[in-house]
>>> print(open('query.cif').read())   # mmCIF, C-alpha atoms
data_input
loop_
_atom_site.label_atom_id
_atom_site.label_comp_id
_atom_site.auth_asym_id
_atom_site.auth_seq_id
_atom_site.Cartn_x
_atom_site.Cartn_y
_atom_site.Cartn_z
CA MET A 15 -16.78 -20.57 23.55
CA LYS A 16 -15.33 -24.03 22.94
CA TYR A 17 -16.18 -26.24 20.00
CA SER A 18 -16.91 -29.88 20.59
CA GLU A 19 -14.45 -32.51 19.46
CA GLN A 20 -14.19 -32.71 15.67
CA TYR A 21 -16.43 -35.37 14.18
CA ARG A 22 -16.36 -36.50 10.56
CA THR A 23 -19.71 -36.85 8.82
CA PRO A 24 -19.13 -39.28 5.95
CA VAL A 25 -21.06 -38.59 2.76
CA PRO A 26 -20.85 -41.43 0.19
CA THR A 27 -18.93 -40.19 -2.85
CA ARG A 28 -18.38 -41.71 -6.28
CA TRP A 29 -16.67 -40.57 -9.44
CA ILE A 30 -18.85 -40.15 -12.53
CA GLY A 31 -17.75 -40.22 -16.13
CA PRO A 32 -15.67 -39.30 -17.82
CA ILE A 33 -17.71 -36.49 -19.35
CA ARG A 34 -16.56 -35.34 -22.76
CA LEU A 35 -16.29 -31.54 -22.81
CA ILE A 36 -15.63 -29.25 -25.75
CA GLY A 37 -15.17 -25.51 -26.07
CA ASP A 38 -12.79 -22.72 -25.15
CA VAL A 39 -12.91 -23.28 -21.38
CA ILE A 40 -12.15 -26.99 -21.43
CA SER A 41 -11.84 -29.56 -24.22
CA GLU A 42 -11.09 -33.04 -22.86
CA GLU A 43 -12.67 -35.96 -21.02
CA VAL A 44 -12.86 -35.52 -17.24
CA SER A 45 -14.45 -37.55 -14.43
CA VAL A 46 -16.26 -35.67 -11.64
CA PRO A 47 -17.11 -36.55 -8.01
CA LEU A 48 -20.61 -36.53 -6.54
CA ALA A 49 -21.20 -36.78 -2.78
CA THR A 50 -24.77 -37.81 -2.01
CA TYR A 51 -27.02 -40.14 -0.03
CA GLU A 52 -29.36 -40.35 -3.05
CA THR A 53 -27.74 -43.38 -4.65
CA PRO A 54 -29.67 -43.31 -7.99
CA LEU A 55 -28.01 -39.97 -8.71
CA TRP A 56 -24.72 -41.69 -9.56
CA PRO A 57 -25.92 -44.05 -12.32
CA SER A 58 -28.34 -41.44 -13.65
CA THR A 59 -25.66 -38.76 -14.02
CA ALA A 60 -23.29 -41.42 -15.37
CA ARG A 61 -25.82 -42.16 -18.12
CA GLY A 62 -25.72 -38.52 -19.16
CA ALA A 63 -21.91 -38.67 -19.14
CA ARG A 64 -22.06 -41.76 -21.35
CA VAL A 65 -24.23 -39.89 -23.83
CA SER A 66 -21.59 -37.14 -24.02
CA GLN A 67 -19.06 -39.74 -25.12
CA HIS A 68 -21.27 -40.90 -28.00
CA CYS A 69 -21.75 -37.44 -29.49
CA ASP A 70 -19.59 -34.34 -29.89
CA GLY A 71 -19.63 -33.68 -26.13
CA VAL A 72 -20.86 -30.97 -23.76
CA ARG A 73 -19.93 -27.43 -24.74
CA CYS A 74 -19.61 -25.07 -21.77
CA THR A 75 -19.55 -21.30 -22.27
CA ILE A 76 -18.76 -18.81 -19.50
CA VAL A 77 -21.13 -15.96 -20.28
CA ASP A 78 -20.16 -13.76 -17.34
CA GLU A 79 -18.59 -13.86 -13.87
CA ARG A 80 -19.04 -11.60 -10.87
CA MET A 81 -19.50 -11.97 -7.13
CA SER A 82 -21.71 -9.40 -5.44
CA ARG A 83 -22.22 -7.77 -2.09
CA SER A 84 -24.76 -5.02 -1.44
CA ILE A 85 -24.60 -2.42 1.30
CA SER A 86 -27.56 -0.47 2.61
CA LEU A 87 -27.35 3.19 3.59
CA ARG A 88 -29.85 5.55 5.21
CA ALA A 89 -30.57 9.14 4.16
CA SER A 90 -33.10 11.71 5.34
CA SER A 91 -35.10 11.43 2.11
CA ALA A 92 -35.17 9.75 -1.29
CA GLN A 93 -33.94 12.99 -2.86
CA VAL A 94 -30.84 13.04 -0.65
CA ALA A 95 -30.23 9.34 -1.33
CA ASN A 96 -30.54 9.82 -5.10
CA GLU A 97 -28.24 12.87 -5.16
CA ALA A 98 -25.63 10.93 -3.19
CA TRP A 99 -25.94 7.96 -5.57
CA GLN A 100 -25.46 10.18 -8.65
CA SER A 101 -22.24 11.51 -7.13
CA ILE A 102 -21.01 8.05 -6.05
CA ALA A 103 -21.66 6.55 -9.49
CA ALA A 104 -19.68 9.35 -11.13
CA ARG A 105 -16.62 8.41 -9.04
CA GLU A 106 -16.36 4.81 -10.25
CA ASP A 107 -12.64 5.08 -10.93
CA GLU A 108 -12.05 5.90 -7.26
CA LEU A 109 -14.24 2.98 -6.23
CA ARG A 110 -12.23 0.66 -8.49
CA ALA A 111 -8.97 1.78 -6.90
CA ILE A 112 -10.33 1.11 -3.41
CA VAL A 113 -11.48 -2.40 -4.39
CA SER A 114 -8.14 -3.23 -6.02
CA SER A 115 -6.32 -2.20 -2.85
CA THR A 116 -8.07 -4.96 -0.86
CA SER A 117 -6.68 -7.91 -2.86
CA ARG A 118 -4.44 -8.83 -5.78
CA PHE A 119 -7.39 -10.46 -7.51
CA THR A 120 -10.52 -8.46 -6.59
CA ARG A 121 -11.67 -6.08 -9.32
CA LEU A 122 -14.83 -3.97 -9.43
CA VAL A 123 -16.77 -4.69 -12.62
CA GLY A 124 -20.25 -3.37 -11.89
CA LEU A 125 -22.48 -1.16 -9.75
CA ASN A 126 -26.24 -1.36 -9.30
CA LYS A 127 -28.56 0.55 -7.03
CA ARG A 128 -32.11 0.59 -5.68
CA ILE A 129 -33.68 3.42 -3.72
CA ILE A 130 -36.57 2.47 -1.44
CA GLY A 131 -37.98 5.44 0.45
CA ASN A 132 -35.00 7.08 2.14
CA LEU A 133 -32.86 3.92 1.85
CA LEU A 134 -30.06 3.49 -0.69
CA TYR A 135 -28.96 -0.04 -1.64
CA VAL A 136 -25.71 -0.30 -3.60
CA ARG A 137 -24.71 -3.62 -5.13
CA PHE A 138 -20.99 -3.98 -5.79
CA GLU A 139 -20.00 -6.65 -8.33
CA CYS A 140 -16.43 -7.94 -8.51
CA THR A 141 -14.32 -10.58 -10.18
CA THR A 142 -12.36 -12.61 -7.63
CA GLY A 143 -9.86 -14.77 -9.53
CA ASP A 144 -10.05 -18.49 -8.74
CA ALA A 145 -11.96 -17.98 -5.47
CA ALA A 146 -15.73 -18.07 -5.06
CA GLY A 147 -15.16 -14.68 -3.47
CA HIS A 148 -17.62 -14.31 -0.59
CA ASN A 149 -15.07 -12.88 1.84
CA MET A 150 -13.15 -11.00 -0.85
CA VAL A 151 -16.15 -9.05 -2.06
CA THR A 152 -17.38 -8.40 1.50
CA THR A 153 -13.95 -7.04 2.43
CA ALA A 154 -14.11 -4.74 -0.58
CA ALA A 155 -17.69 -3.67 0.22
CA ASP A 156 -16.73 -2.92 3.83
CA LYS A 157 -13.90 -0.65 2.71
CA LEU A 158 -16.10 1.03 0.11
CA GLN A 159 -18.83 1.62 2.65
CA THR A 160 -16.38 3.22 5.08
CA TRP A 161 -15.14 5.53 2.31
CA ILE A 162 -18.69 6.45 1.23
CA LEU A 163 -19.72 7.34 4.78
CA GLN A 164 -16.65 9.54 5.11
CA GLN A 165 -17.26 11.27 1.78
CA TYR A 166 -21.03 11.64 2.20
CA PRO A 167 -21.95 12.62 5.78
CA GLN A 168 -25.61 12.91 4.68
CA LEU A 169 -25.67 9.09 4.57
CA GLN A 170 -25.71 6.77 7.59
CA TYR A 171 -24.84 3.11 8.01
CA SER A 172 -27.66 0.58 7.75
CA SER A 173 -26.02 -2.80 6.94
CA ILE A 174 -22.90 -4.25 5.34
CA SER A 175 -25.17 -6.77 3.60
CA GLY A 176 -28.46 -5.33 2.45
CA ASN A 177 -29.93 -8.49 0.85
CA TYR A 178 -29.77 -6.94 -2.62
CA CYS A 179 -26.71 -9.22 -3.09
CA THR A 180 -28.51 -11.79 -2.81
CA ASP A 181 -26.66 -14.44 -0.80
CA LYS A 182 -28.10 -17.95 -0.32
CA LYS A 183 -31.68 -16.96 -1.02
CA ALA A 184 -33.84 -17.43 -4.11
CA SER A 185 -34.34 -14.11 -5.88
CA ALA A 186 -34.99 -12.63 -9.30
CA VAL A 187 -32.10 -10.17 -9.07
CA ASN A 188 -29.36 -12.81 -9.17
CA SER A 189 -30.87 -14.55 -12.17
CA ILE A 190 -31.04 -11.19 -13.99
CA LEU A 191 -27.71 -9.65 -12.95
CA GLY A 192 -25.79 -12.86 -12.20
CA ARG A 193 -23.87 -13.90 -9.11
CA GLY A 194 -20.83 -16.11 -9.47
CA LYS A 195 -20.24 -17.73 -12.85
CA HIS A 196 -22.93 -17.57 -15.53
CA VAL A 197 -22.42 -20.80 -17.47
CA VAL A 198 -24.35 -22.36 -20.34
CA ALA A 199 -23.82 -26.10 -20.95
CA GLU A 200 -25.23 -27.50 -24.19
CA MET A 201 -25.14 -30.71 -26.18
CA GLU A 202 -26.56 -31.96 -29.48
CA ILE A 203 -27.60 -35.62 -29.32
CA PRO A 204 -28.29 -37.67 -32.46
CA ARG A 205 -31.69 -39.33 -32.63
CA ASP A 206 -30.25 -42.86 -32.57
CA ILE A 207 -28.30 -42.06 -29.37
CA CYS A 208 -31.48 -40.71 -27.79
CA ARG A 209 -33.22 -43.98 -28.55
CA ARG A 210 -30.36 -46.31 -27.65
CA LEU A 211 -28.93 -44.72 -24.48
CA LEU A 212 -31.84 -42.61 -23.18
CA ARG A 213 -34.76 -44.75 -24.44
CA THR A 214 -36.57 -41.65 -25.69
CA THR A 215 -36.90 -39.33 -28.69
CA PRO A 216 -36.10 -35.66 -29.32
CA GLU A 217 -39.84 -34.96 -29.64
CA SER A 218 -40.56 -36.50 -26.23
CA MET A 219 -37.73 -34.54 -24.60
CA VAL A 220 -38.94 -31.23 -26.03
CA ASN A 221 -42.50 -32.00 -24.88
CA ILE A 222 -41.56 -32.93 -21.33
CA ASN A 223 -39.31 -29.89 -20.95
CA THR A 224 -42.16 -27.63 -22.10
CA GLU A 225 -44.90 -29.28 -20.08
CA LYS A 226 -42.93 -30.10 -16.91
CA ASN A 227 -40.16 -27.55 -16.57
CA LEU A 228 -41.57 -24.49 -18.33
CA ILE A 229 -45.34 -24.69 -17.78
CA GLY A 230 -45.23 -26.72 -14.57
CA GLY A 231 -42.56 -24.42 -13.15
CA SER A 232 -44.57 -21.37 -14.19
CA ILE A 233 -47.78 -22.42 -12.45
CA ALA A 234 -45.74 -23.32 -9.37
CA GLY A 235 -44.39 -19.76 -9.26
CA SER A 236 -40.75 -20.73 -9.75
CA ILE A 237 -38.40 -17.73 -9.60
CA CYS A 238 -36.53 -17.36 -12.91
CA SER A 239 -36.18 -21.12 -12.95
CA ALA A 240 -37.30 -24.02 -15.15
CA ASN A 241 -35.50 -27.28 -14.41
CA ALA A 242 -36.15 -30.70 -12.93
CA HIS A 243 -33.39 -31.11 -10.35
CA PHE A 244 -30.31 -28.91 -10.82
CA ALA A 245 -29.95 -28.84 -7.03
CA ASN A 246 -29.23 -32.58 -6.82
CA MET A 247 -26.10 -32.43 -8.96
CA LEU A 248 -25.01 -29.09 -7.54
CA LEU A 249 -25.14 -30.31 -3.94
CA GLY A 250 -23.24 -33.50 -4.76
CA PHE A 251 -20.59 -31.56 -6.68
CA TYR A 252 -20.32 -28.79 -4.06
CA LEU A 253 -19.88 -31.20 -1.15
CA ALA A 254 -17.26 -33.25 -3.00
CA THR A 255 -15.18 -30.21 -3.99
CA GLY A 256 -15.26 -28.12 -0.80
CA GLN A 257 -17.75 -25.46 -1.90
CA ASP A 258 -20.20 -23.54 0.29
CA ALA A 259 -23.14 -25.89 -0.14
CA ALA A 260 -25.76 -23.29 0.84
CA ASN A 261 -25.09 -21.56 -2.47
CA ILE A 262 -27.08 -24.26 -4.26
CA ILE A 263 -30.12 -22.14 -3.35
CA GLU A 264 -29.32 -19.48 -5.94
CA GLY A 265 -27.26 -21.93 -7.99
CA SER A 266 -30.24 -24.13 -8.75
CA GLN A 267 -32.06 -21.22 -10.38
CA GLY A 268 -31.57 -22.13 -14.02
CA ILE A 269 -33.39 -22.93 -17.23
CA VAL A 270 -33.41 -25.98 -19.49
CA HIS A 271 -33.92 -25.18 -23.17
CA THR A 272 -34.51 -27.88 -25.78
CA GLU A 273 -35.00 -27.98 -29.54
CA ASN A 274 -35.92 -30.78 -31.93
CA ARG A 275 -33.43 -30.30 -34.75
CA ASP A 276 -33.53 -32.29 -38.01
CA HIS A 277 -32.01 -35.52 -36.73
CA SER A 278 -31.01 -34.63 -33.18
CA LEU A 279 -31.98 -33.20 -29.81
CA TYR A 280 -30.48 -29.87 -28.74
CA PHE A 281 -30.33 -29.84 -24.93
CA SER A 282 -28.99 -26.98 -22.80
CA CYS A 283 -28.78 -25.92 -19.16
CA SER A 284 -28.26 -22.23 -18.36
CA LEU A 285 -26.94 -21.52 -14.86
CA PRO A 286 -26.50 -17.81 -14.07
CA ASN A 287 -25.45 -18.27 -10.45
CA LEU A 288 -22.73 -20.92 -10.17
CA ILE A 289 -20.71 -19.95 -7.09
CA VAL A 290 -17.60 -22.13 -7.09
CA GLY A 291 -13.91 -21.68 -6.43
CA SER A 292 -10.74 -23.75 -6.63
CA VAL A 293 -9.09 -21.83 -3.75
CA GLY A 294 -10.37 -20.47 -0.44
CA SER A 295 -12.28 -21.82 2.52
CA GLY A 296 -13.01 -25.56 2.31
CA LYS A 297 -10.41 -26.29 -0.36
CA SER A 298 -7.77 -27.28 2.19
CA ASN A 299 -9.90 -30.24 3.17
CA GLU A 300 -7.92 -33.33 2.18
CA VAL A 301 -10.73 -34.98 0.24
CA ALA A 302 -11.83 -31.79 -1.53
CA SER A 303 -8.25 -30.89 -2.41
CA GLU A 304 -7.66 -34.34 -3.87
CA ALA A 305 -10.81 -34.05 -5.98
CA LEU A 306 -9.84 -30.62 -7.31
CA GLN A 307 -6.38 -31.87 -8.21
CA LYS A 308 -7.77 -34.95 -9.96
CA MET A 309 -10.02 -32.73 -12.08
CA GLY A 310 -7.10 -30.49 -13.00
CA CYS A 311 -8.50 -27.48 -11.17
CA MET A 312 -5.37 -26.74 -9.13
CA ASP A 313 -2.89 -26.67 -12.02
CA GLU A 314 -0.62 -23.76 -12.90
CA ARG A 315 -2.83 -21.48 -14.99
CA PRO A 316 -3.49 -17.73 -15.34
CA ALA A 317 -5.57 -16.31 -12.46
CA GLY A 318 -9.22 -17.25 -12.81
CA ASP A 319 -8.76 -20.11 -15.28
CA ASN A 320 -8.93 -22.87 -12.64
CA GLY A 321 -12.15 -21.37 -11.31
CA ARG A 322 -13.62 -21.22 -14.80
CA ARG A 323 -12.62 -24.82 -15.46
CA LEU A 324 -14.33 -25.90 -12.24
CA ALA A 325 -17.49 -23.98 -13.15
CA ALA A 326 -17.58 -25.62 -16.58
CA LEU A 327 -17.21 -29.08 -15.04
CA CYS A 328 -19.98 -28.29 -12.58
CA ALA A 329 -22.33 -27.12 -15.33
CA ALA A 330 -21.56 -30.19 -17.46
CA THR A 331 -22.36 -32.41 -14.47
CA VAL A 332 -25.69 -30.64 -14.01
CA LEU A 333 -26.51 -31.18 -17.69
CA CYS A 334 -25.72 -34.91 -17.50
CA GLY A 335 -27.97 -35.45 -14.48
CA GLU A 336 -30.78 -33.27 -15.83
CA LEU A 337 -30.74 -34.98 -19.23
CA SER A 338 -30.97 -38.45 -17.71
CA LEU A 339 -33.80 -37.64 -15.30
CA LEU A 340 -35.94 -35.94 -17.93
CA ALA A 341 -35.38 -38.85 -20.31
CA SER A 342 -36.55 -41.32 -17.66
CA GLN A 343 -39.71 -39.28 -17.08
CA THR A 344 -40.72 -39.57 -20.73
CA ASN A 345 -41.37 -43.26 -20.03
CA PRO A 346 -44.22 -44.06 -17.59
CA GLY A 347 -43.03 -45.94 -14.51
CA GLU A 348 -39.31 -45.87 -15.31
CA LEU A 349 -38.33 -43.32 -12.64
CA MET A 350 -40.04 -45.11 -9.77
CA ARG A 351 -38.90 -48.59 -10.84
CA THR A 352 -35.30 -47.37 -10.90
CA HIS A 353 -35.51 -45.78 -7.46
CA LEU A 354 -37.08 -48.86 -5.93
CA VAL A 355 -34.46 -51.20 -7.38
CA MET A 356 -31.47 -49.02 -6.45
CA GLU A 357 -32.50 -47.59 -3.08
CA ARG A 358 -34.25 -50.60 -1.55
CA SER A 359 -31.49 -52.98 -2.54
#
>>> encode(input="query.cif", output="structure tokens")
Amino acid sequence: MKYSEQYRTPVPTRWIGPIRLIGDVISEEVSVPLATYETPLWPSTARGARVSQHCDGVRCTIVDERMSRSISLRASSAQVANEAWQSIAAREDELRAIVSSTSRFTRLVGLNKRIIGNLLYVRFECTTGDAAGHNMVTTAADKLQTWILQQYPQLQYSSISGNYCTDKKASAVNSILGRGKHVVAEMEIPRDICRRLLRTTPESMVNINTEKNLIGGSIAGSICSANAHFANMLLGFYLATGQDAANIIEGSQGIVHTENRDHSLYFSCSLPNLIVGSVGSGKSNEVASEALQKMGCMDERPAGDNGRRLAALCAATVLCGELSLLASQTNPGELMRTHLVMERS
């Protein structure tokens, strides 16, 4: 099979910020790129970045990190599958050694299982250094599956990817167990900044988050998700930095939480499935590589720290865009007027 001649698809890209970040992962002001055809996204996210500069900044916390791959195995009965699982789980040290032999950076950090009828689904969860880790964790799962089938002849191969992973599909399991980086971005915004830069109040922001994101999302049947448009910022950030853009499906599963504190608005975005990496497929692209370097995500750091920095920047970008959009929706007509002026011009 021959591929057609390479053709470049240009996606308009602009730098936003800088965003002021605080916390253990990153504490400095950094500009971020967004690649999108939705032109209002740039000034809207930039408004959120401007807010960060007029308060203490966006604090990003890495709660957890793990990339997953699940295998599916077939037994003659649920009893046989469960007995095999009990034995496999008791040999976790051997499983860890097998995973470590596949890469300098892949480490097994968790096991989960589901038994459905005579089928055994095993979810392997690994840390993968600075890489997003799709191929790394699949390589490890493939080697583990081969070993399991050799050690347990009562089990048969079903699939190297049993959908309990879950890759590029909306699911409850990823939001509960996590896939990629679990990051919380949060900011406390003084009341006068809310009024001056966002043209709203803490009370209005809490109300719209409750009525739109939480209740509206609930009656829509959203899966472990309550946000206005995480996917917009994620896609723009992923395209600009050489990420696998299809991962915005699980990445956009996240929750906005707000509180009206004495004289300020507490605003947070929790993202349990940020799948990003500063090395690996897509990062050799000239434009993506330049963006990663400009953001300081290809510097000399201990393994994993560049990936964590990138995840924090991504989460902060999501917060800036989410904050601005929700603020605009507290004012009747503002959202549509802005889109008409910016897109039709």
>>> atom_distance(input="query.cif", atom1="atom CA of A:Thr23", atom2="atom CA of A:Gln307")
22.2 Å
>>> residues_around(input="query.cif", residues="stretch 300-306 of chain A", least_positions_apart="5", cutoff="6 Å", atoms="all atoms listed in the file", output="MDAnalysis selection string")
chainID A and resid 254:256 311
>>> resolve_selection(input="query.cif", expression="the PyMOL selection byres ((chain A and resi 224) around 12)", output="ChimeraX atom specification")
/A:217-223,225-232,240-242,269-273,340
>>> closest_atom_pairs(input="query.cif", of="stretch 175-279 of chain A", to="stretch 35-46 of chain A", cutoff="12 Å", atoms="all atoms listed in the file", output="CSV")
residue,atom,partner,partner_atom,distance
A:Val197,CA,A:Val39,CA,10.6
A:Val198,CA,A:Gly37,CA,11.3
A:Ala199,CA,A:Leu35,CA,9.5
A:Glu200,CA,A:Ile36,CA,9.9
A:Met201,CA,A:Leu35,CA,9.5
A:Glu202,CA,A:Ile36,CA,11.9
A:Met247,CA,A:Val46,CA,10.7
A:Leu248,CA,A:Val46,CA,11.7
A:Gly250,CA,A:Val46,CA,10.0
A:Phe251,CA,A:Val46,CA,7.8
A:Tyr252,CA,A:Val46,CA,11.0
A:Leu253,CA,A:Val46,CA,12.0
A:Ala254,CA,A:Val46,CA,9.0
A:Thr255,CA,A:Val46,CA,9.5
>>> resolve_selection(input="query.cif", expression="the PyMOL selection byres ((chain A and resi 88) around 9)", output="short mmCIF file (atom, residue, chain, number, x, y, z; two decimals) with C-alpha atoms, in the coordinates of the input")
data_model
loop_
_atom_site.label_atom_id
_atom_site.label_comp_id
_atom_site.auth_asym_id
_atom_site.auth_seq_id
_atom_site.Cartn_x
_atom_site.Cartn_y
_atom_site.Cartn_z
CA SER A 86 -27.56 -0.47 2.61
CA LEU A 87 -27.35 3.19 3.59
CA ALA A 89 -30.57 9.14 4.16
CA SER A 90 -33.10 11.71 5.34
CA SER A 91 -35.10 11.43 2.11
CA ALA A 95 -30.23 9.34 -1.33
CA ASN A 132 -35.00 7.08 2.14
CA LEU A 133 -32.86 3.92 1.85
CA LEU A 134 -30.06 3.49 -0.69
CA TYR A 135 -28.96 -0.04 -1.64
CA GLN A 168 -25.61 12.91 4.68
CA LEU A 169 -25.67 9.09 4.57
CA GLN A 170 -25.71 6.77 7.59
CA TYR A 171 -24.84 3.11 8.01
CA SER A 172 -27.66 0.58 7.75
#
>>> resolve_selection(input="query.cif", expression="the PyMOL selection byres ((chain A and resi 192) around 8)", output="PDB file with C-alpha atoms, in the coordinates of the input")
ATOM      1  CA  ASP A  78     -20.160 -13.760 -17.340  1.00  0.00           C
ATOM      2  CA  GLU A  79     -18.590 -13.860 -13.870  1.00  0.00           C
ATOM      3  CA  ARG A  80     -19.040 -11.600 -10.870  1.00  0.00           C
ATOM      4  CA  VAL A 187     -32.100 -10.170  -9.070  1.00  0.00           C
ATOM      5  CA  ASN A 188     -29.360 -12.810  -9.170  1.00  0.00           C
ATOM      6  CA  SER A 189     -30.870 -14.550 -12.170  1.00  0.00           C
ATOM      7  CA  ILE A 190     -31.040 -11.190 -13.990  1.00  0.00           C
ATOM      8  CA  LEU A 191     -27.710  -9.650 -12.950  1.00  0.00           C
ATOM      9  CA  ARG A 193     -23.870 -13.900  -9.110  1.00  0.00           C
ATOM     10  CA  GLY A 194     -20.830 -16.110  -9.470  1.00  0.00           C
ATOM     11  CA  LYS A 195     -20.240 -17.730 -12.850  1.00  0.00           C
ATOM     12  CA  HIS A 196     -22.930 -17.570 -15.530  1.00  0.00           C
ATOM     13  CA  PRO A 286     -26.500 -17.810 -14.070  1.00  0.00           C
ATOM     14  CA  ASN A 287     -25.450 -18.270 -10.450  1.00  0.00           C
TER      15      ASN A 287
END
>>> residues_around(input="query.cif", residues="stretch 178-183 of chain A", least_positions_apart="6", cutoff="8 Å", atoms="only C-alpha atoms", output="ChimeraX atom specification")
/A:82-85,135-137,260-264
>>> atom_distance(input="query.cif", atom1="atom CA of A:Gly31", atom2="atom CA of A:Cys334")
9.7 Å
>>> closest_residue(input="query.cif", among="A:Pro216, A:Thr331, A:Phe244, A:Phe119", to="A:Asp276", atoms="all atoms listed in the file")
A:Pro216
>>> closest_residue(input="query.cif", among="A:Ile162, A:Ile130, A:Ala184, A:Val77", to="A:Ser101", atoms="all atoms listed in the file")
A:Ile162
>>> closest_residue(input="query.cif", among="A:Gly62, A:Arg209, A:Arg275, A:Asp258", to="A:Asn149", atoms="all atoms listed in the file")
A:Asp258
>>> atom_distance(input="query.cif", atom1="atom CA of A:Glu108", atom2="atom CA of A:Glu139")
14.9 Å
>>> closest_residue(input="query.cif", among="A:Arg315, A:Ser282, A:Met309, A:Asn96", to="A:Leu327", atoms="all atoms listed in the file")
A:Met309
>>> closest_residue(input="query.cif", among="A:Leu55, A:Ile112, A:Ala154, A:Cys208", to="A:His277", atoms="only C-alpha atoms")
A:Cys208
>>> closest_residue(input="query.cif", among="A:Gln164, A:Thr214, A:Asn126, A:Ser66", to="A:Leu339", atoms="only C-alpha atoms")
A:Thr214
>>> residues_around(input="query.cif", residues="A:Arg213", least_positions_apart="4", cutoff="12 Å", atoms="all atoms listed in the file", output="JSON, numbers by chain")
{"A": [61, 65, 205, 206, 207, 208, 209, 218, 219, 337, 338, 339, 340, 341, 342, 343, 344, 345, 346, 348]}
>>> residues_around(input="query.cif", residues="A:Thr141", least_positions_apart="3", cutoff="7 Å", atoms="all atoms listed in the file", output="MDAnalysis selection string")
chainID A and resid 79:81 120:123
>>> residues_near_point(input="query.cif", point="(-14.5, -0.1, -0.2)", cutoff="9 Å", atoms="all atoms listed in the file", output="list in words")
Leu109, Arg110, Ala111, Ile112, Val113, Ser115, Thr116, Thr152, Thr153, Ala154, Ala155, Asp156, Lys157, Leu158, Gln159, Thr160, Trp161 and Ile162 of chain A
>>> write_last_selection(input="query.cif", atoms="C-alpha atoms", output="tab-separated table (two decimals), in the coordinates of the input")
chain	number	residue	atom	x	y	z
A	109	LEU	CA	-14.24	2.98	-6.23
A	110	ARG	CA	-12.23	0.66	-8.49
A	111	ALA	CA	-8.97	1.78	-6.90
A	112	ILE	CA	-10.33	1.11	-3.41
A	113	VAL	CA	-11.48	-2.40	-4.39
A	115	SER	CA	-6.32	-2.20	-2.85
A	116	THR	CA	-8.07	-4.96	-0.86
A	152	THR	CA	-17.38	-8.40	1.50
A	153	THR	CA	-13.95	-7.04	2.43
A	154	ALA	CA	-14.11	-4.74	-0.58
A	155	ALA	CA	-17.69	-3.67	0.22
A	156	ASP	CA	-16.73	-2.92	3.83
A	157	LYS	CA	-13.90	-0.65	2.71
A	158	LEU	CA	-16.10	1.03	0.11
A	159	GLN	CA	-18.83	1.62	2.65
A	160	THR	CA	-16.38	3.22	5.08
A	161	TRP	CA	-15.14	5.53	2.31
A	162	ILE	CA	-18.69	6.45	1.23
>>> build_atoms(input="query.cif", residues="stretch 204-216 of chain A", atoms="N, CA and C atoms", output="PDB file, in the frame of the given file")
ATOM      1  N   PRO A 204     -27.639 -37.033 -31.305  1.00  0.00           N
ATOM      2  CA  PRO A 204     -28.290 -37.670 -32.460  1.00  0.00           C
ATOM      3  C   PRO A 204     -29.496 -38.506 -32.036  1.00  0.00           C
ATOM      4  N   ARG A 205     -30.456 -38.607 -32.936  1.00  0.00           N
ATOM      5  CA  ARG A 205     -31.690 -39.330 -32.630  1.00  0.00           C
ATOM      6  C   ARG A 205     -31.424 -40.776 -32.219  1.00  0.00           C
ATOM      7  N   ASP A 206     -30.489 -41.455 -32.905  1.00  0.00           N
ATOM      8  CA  ASP A 206     -30.250 -42.860 -32.570  1.00  0.00           C
ATOM      9  C   ASP A 206     -29.645 -43.019 -31.178  1.00  0.00           C
ATOM     10  N   ILE A 207     -28.859 -42.020 -30.729  1.00  0.00           N
ATOM     11  CA  ILE A 207     -28.300 -42.060 -29.370  1.00  0.00           C
ATOM     12  C   ILE A 207     -29.403 -41.828 -28.352  1.00  0.00           C
ATOM     13  N   CYS A 208     -30.331 -40.929 -28.671  1.00  0.00           N
ATOM     14  CA  CYS A 208     -31.480 -40.710 -27.790  1.00  0.00           C
ATOM     15  C   CYS A 208     -32.243 -42.022 -27.571  1.00  0.00           C
ATOM     16  N   ARG A 209     -32.459 -42.730 -28.643  1.00  0.00           N
ATOM     17  CA  ARG A 209     -33.220 -43.980 -28.550  1.00  0.00           C
ATOM     18  C   ARG A 209     -32.425 -45.065 -27.815  1.00  0.00           C
ATOM     19  N   ARG A 210     -31.147 -45.193 -28.166  1.00  0.00           N
ATOM     20  CA  ARG A 210     -30.360 -46.310 -27.650  1.00  0.00           C
ATOM     21  C   ARG A 210     -29.936 -46.119 -26.198  1.00  0.00           C
ATOM     22  N   LEU A 211     -29.465 -44.933 -25.827  1.00  0.00           N
ATOM     23  CA  LEU A 211     -28.930 -44.720 -24.480  1.00  0.00           C
ATOM     24  C   LEU A 211     -29.939 -44.082 -23.514  1.00  0.00           C
ATOM     25  N   LEU A 212     -30.873 -43.299 -24.053  1.00  0.00           N
ATOM     26  CA  LEU A 212     -31.840 -42.610 -23.180  1.00  0.00           C
ATOM     27  C   LEU A 212     -33.247 -43.196 -23.282  1.00  0.00           C
ATOM     28  N   ARG A 213     -33.452 -44.098 -24.235  1.00  0.00           N
ATOM     29  CA  ARG A 213     -34.760 -44.750 -24.440  1.00  0.00           C
ATOM     30  C   ARG A 213     -35.881 -43.722 -24.633  1.00  0.00           C
ATOM     31  N   THR A 214     -35.579 -42.692 -25.433  1.00  0.00           N
ATOM     32  CA  THR A 214     -36.570 -41.650 -25.690  1.00  0.00           C
ATOM     33  C   THR A 214     -36.309 -41.060 -27.065  1.00  0.00           C
ATOM     34  N   THR A 215     -37.054 -40.003 -27.401  1.00  0.00           N
ATOM     35  CA  THR A 215     -36.900 -39.330 -28.690  1.00  0.00           C
ATOM     36  C   THR A 215     -36.733 -37.827 -28.467  1.00  0.00           C
ATOM     37  N   PRO A 216     -36.183 -37.114 -29.446  1.00  0.00           N
ATOM     38  CA  PRO A 216     -36.100 -35.660 -29.320  1.00  0.00           C
ATOM     39  C   PRO A 216     -37.460 -35.016 -29.091  1.00  0.00           C
TER      40      PRO A 216
END
